[in-house]
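The next block holds one structure in the form of structure tokens; read it before the comments.
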Amino acid sequence: MLRTTNRIMLSLAITALATLVLAACASSGASQSTPQGTAGRTLKVVTTVSPITSIVENIGGTRIQLEGIIPEGVNSHTFEPAPSVARVLSEADLIVLNGLFLEEPTLEMAEANKKPNAVVLALGEKAITREEWQFDFSFPESEGHPNPHLWPDPLLALRYAELVRDELARLDPANADYYRQNFEAFKARIEDLDRRIRAAIQTIPPGQRKLLTYHDSWAYFAKRYGMTVIGAVQPSDFSEPSAREVAGLIEQIRAEGVPAIFGSEVFPSKVMEQIARESGARFIDQLRDDDLPGAPGDPRHSYLGLMLTNMEIMVPALGGSAEPFNGFDPSPVFEGQSGAIYPQ
Ligand SMILES: [Zn+2]
């Protein structure tokens, strides 16, 4: 009897010791790979589309654990997260979305699964007021959902970065100075990009500063830089336009003398080829709004790289010069590797 009790005590002691050793290994592993946040652990941040992941990465750098949800090259407007995403959301301290109705199924899943004290930050809703919402071709006012593509306007992307900085600093005050430094470096880069875009657009003949795109993602950009979005081909339900709408667009392109029209790799469209053929405009199918160029780790696989690449395509196609973009650095503003996850 006594021997049995001893054996149980011994095995309990061994189990307790093993647990301690395992816990010590786990915590030393964590502190080696990621620095500690204020509560003794690294902040877990989950984001949706890649440009937002990149903006958050630029501010959070190596001091946060960052995971994007929406794979590049999918239609983010209709994206439904897999059930397994619920676990990722349930572990987040901060969930950063665009909002403005872009990621409704992900937002619903976040609300249903998040930790009680986790923060959901919808950047688009805080970056502009309701009066600044833009309704247009694919986002008509009658449907109540504004154009959600604020980030192709670099100064609105800077506003996103500012909101991210403030939230990270609030949740993790021990690293607040680091987040502020990264923000200042990102701000300098955005201001540089903004000056270059202004200079480049000046080289486009004024009558050609017009955009006709397939996916309607340039509304805020165009307003910022004095361009006119003359149309977007994609209907609000993401189907293809009717024959009558196509005929109307062809007429409009001829009348306005638009030299090029733009498609996106995420939304290949035979209709765009037809419109280009019949209107005489060049068809450029490479603009992107949430699909970063290159692969994770490439300097251009970033928000700044996305905008740089778009500008190098858009400006010459409309008859201007991309020279003002020579020497622009699109790489992350912080030192080191962040380990951010960009699902592909
Ligand atoms: Zn979009």
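Chains: A, B, ... in order of the structure tokens. Residues: from 1 per chain. Ligands: from 1, in order shown.
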Test item: residues lying within 9 Å of ligand 1 with only C-alpha atoms and all ligand atoms, as a PyMOL selection string: chain A and resi 75-77+102+147-149+215-217+288-290
Within 9 Å of Pro324 in chain A using only C-alpha atoms, minus same-chain residues under 4 positions, as a ChimeraX atom specification: /A:195-197,199-200,328
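For Leu156 in chain A, the list of residues within 9 Å, based on only C-alpha atoms and with local chain neighbours fewer than 3 positions off taken out, reads Gly124, Ala127, Ile128, Leu150, Trp151, Pro152, Asp153, Arg159, Tyr160, Ala161 and Tyr220 of chain A.
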Written selection (C-alpha atoms) as a PDB file, in the first residue's frame:
```pdb
ATOM      1  CA  GLY A 124     -11.640  53.042 -43.594  1.00  0.00           C
ATOM      2  CA  ALA A 127      -9.889  57.518 -41.908  1.00  0.00           C
ATOM      3  CA  ILE A 128     -12.670  59.515 -43.542  1.00  0.00           C
ATOM      4  CA  LEU A 150      -9.149  54.296 -49.788  1.00  0.00           C
ATOM      5  CA  TRP A 151      -5.588  52.950 -49.746  1.00  0.00           C
ATOM      6  CA  PRO A 152      -4.661  53.634 -53.414  1.00  0.00           C
ATOM      7  CA  ASP A 153      -4.598  57.262 -52.212  1.00  0.00           C
ATOM      8  CA  ARG A 159      -3.966  57.968 -42.231  1.00  0.00           C
ATOM      9  CA  TYR A 160      -4.388  54.168 -41.940  1.00  0.00           C
ATOM     10  CA  ALA A 161      -0.787  53.943 -40.676  1.00  0.00           C
ATOM     11  CA  TYR A 220     -10.000  58.387 -53.941  1.00  0.00           C
TER      12      TYR A 220
END
```
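When only C-alpha atoms are used to measure the gap to Pro71 in chain A, the shortest distance among A:Glu323, A:Phe334, A:Asp291, A:Phe135 belongs to A:Asp291.
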7 Å contact set for range 263-265 of chain A, only C-alpha atoms, chain neighbours under 2 positions out, as a count of residues only: 11
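Of the listed residues A:Gly327, A:Gly60, A:Pro296, A:Gly319, the one whose atoms come nearest to Pro259 in chain A is A:Gly319, with distances taken using only C-alpha atoms.
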Atomic distance CA of Leu100 in chain A - CA of Pro146 in chain A, expressed in Å with one decimal: 6.7 Å
Members of range 39-109 of chain A assigned strand (DSSP E or B) by DSSP, as an MDAnalysis selection string: chainID A and resid 43:47 64:68 94:97
Find the residues near Glu278 in chain A: any atom within 10 Å, counting only C-alpha atoms, skip ones fewer than 5 places away on the same chain, and give them as a PDB file with N, CA and C atoms, in the first residue's frame.
```pdb
ATOM      1  N   ALA A 247     -21.262  48.917 -75.221  1.00  0.00           N
ATOM      2  CA  ALA A 247     -21.342  49.840 -76.362  1.00  0.00           C
ATOM      3  C   ALA A 247     -21.201  51.287 -75.887  1.00  0.00           C
ATOM      4  N   ILE A 250     -17.569  52.079 -75.067  1.00  0.00           N
ATOM      5  CA  ILE A 250     -16.746  52.226 -76.281  1.00  0.00           C
ATOM      6  C   ILE A 250     -16.932  53.635 -76.860  1.00  0.00           C
ATOM      7  N   GLU A 251     -18.180  54.067 -76.910  1.00  0.00           N
ATOM      8  CA  GLU A 251     -18.493  55.429 -77.382  1.00  0.00           C
ATOM      9  C   GLU A 251     -17.762  56.476 -76.557  1.00  0.00           C
ATOM     10  N   ILE A 253     -15.104  56.201 -74.617  1.00  0.00           N
ATOM     11  CA  ILE A 253     -13.636  56.184 -74.750  1.00  0.00           C
ATOM     12  C   ILE A 253     -13.229  56.914 -76.032  1.00  0.00           C
ATOM     13  N   ARG A 254     -13.967  56.661 -77.104  1.00  0.00           N
ATOM     14  CA  ARG A 254     -13.680  57.351 -78.383  1.00  0.00           C
ATOM     15  C   ARG A 254     -13.868  58.853 -78.210  1.00  0.00           C
ATOM     16  N   MET A 272     -12.979  43.570 -71.567  1.00  0.00           N
ATOM     17  CA  MET A 272     -12.018  44.670 -71.660  1.00  0.00           C
ATOM     18  C   MET A 272     -11.276  44.618 -72.991  1.00  0.00           C
ATOM     19  N   GLU A 273     -10.942  43.398 -73.428  1.00  0.00           N
ATOM     20  CA  GLU A 273     -10.235  43.251 -74.704  1.00  0.00           C
ATOM     21  C   GLU A 273     -11.118  43.762 -75.839  1.00  0.00           C
TER      22      GLU A 273
END
```
Residue contacts of Leu292 in chain A (9 Å, only C-alpha atoms) excluding same-chain residues fewer than 4 positions away, as JSON, numbers by chain: {"A": [50, 51, 72, 73, 288, 296, 300, 301, 302, 303, 305, 306]}
Residues within 10 Å of Ser242 in chain A, only C-alpha atoms, excluding chain neighbours under 5 positions, as a list in words: Val233, Pro235, Ala247, Gly248 and Val271 of chain A
Selection from above, C-alpha atoms, as an mmCIF file, in the first residue's frame, can you write it?
```cif
data_model
loop_
_atom_site.group_PDB
_atom_site.id
_atom_site.type_symbol
_atom_site.label_atom_id
_atom_site.label_comp_id
_atom_site.auth_asym_id
_atom_site.auth_seq_id
_atom_site.Cartn_x
_atom_site.Cartn_y
_atom_site.Cartn_z
ATOM 1 C CA VAL A 233 -16.598 48.296 -66.265
ATOM 2 C CA PRO A 235 -20.999 46.033 -62.297
ATOM 3 C CA ALA A 247 -21.342 49.840 -76.362
ATOM 4 C CA GLY A 248 -21.781 52.961 -74.223
ATOM 5 C CA VAL A 271 -14.966 42.315 -72.260
#
```
Those in range 56-279 of chain A with helix (DSSP H, G or I) from DSSP, as a PyMOL selection string: chain A and resi 56-63+85-90+104-113+123-127+130-132+141-143+154-171+173-202+206-208+219-225+243-256+270-279
From A:Pro332, A:Thr106, A:Ser279, A:Gln252, residue lying nearest Gly297 in chain A [only C-alpha atoms]: A:Pro332
Selected residue, from A:Leu155, A:Val46, A:Ala188, A:Val266, that lies nearest to Lys223 in chain A when counting only C-alpha atoms: A:Leu155
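One finds CA of Ile313 in chain A at 24.0 Å from CA of Val246 in chain A.
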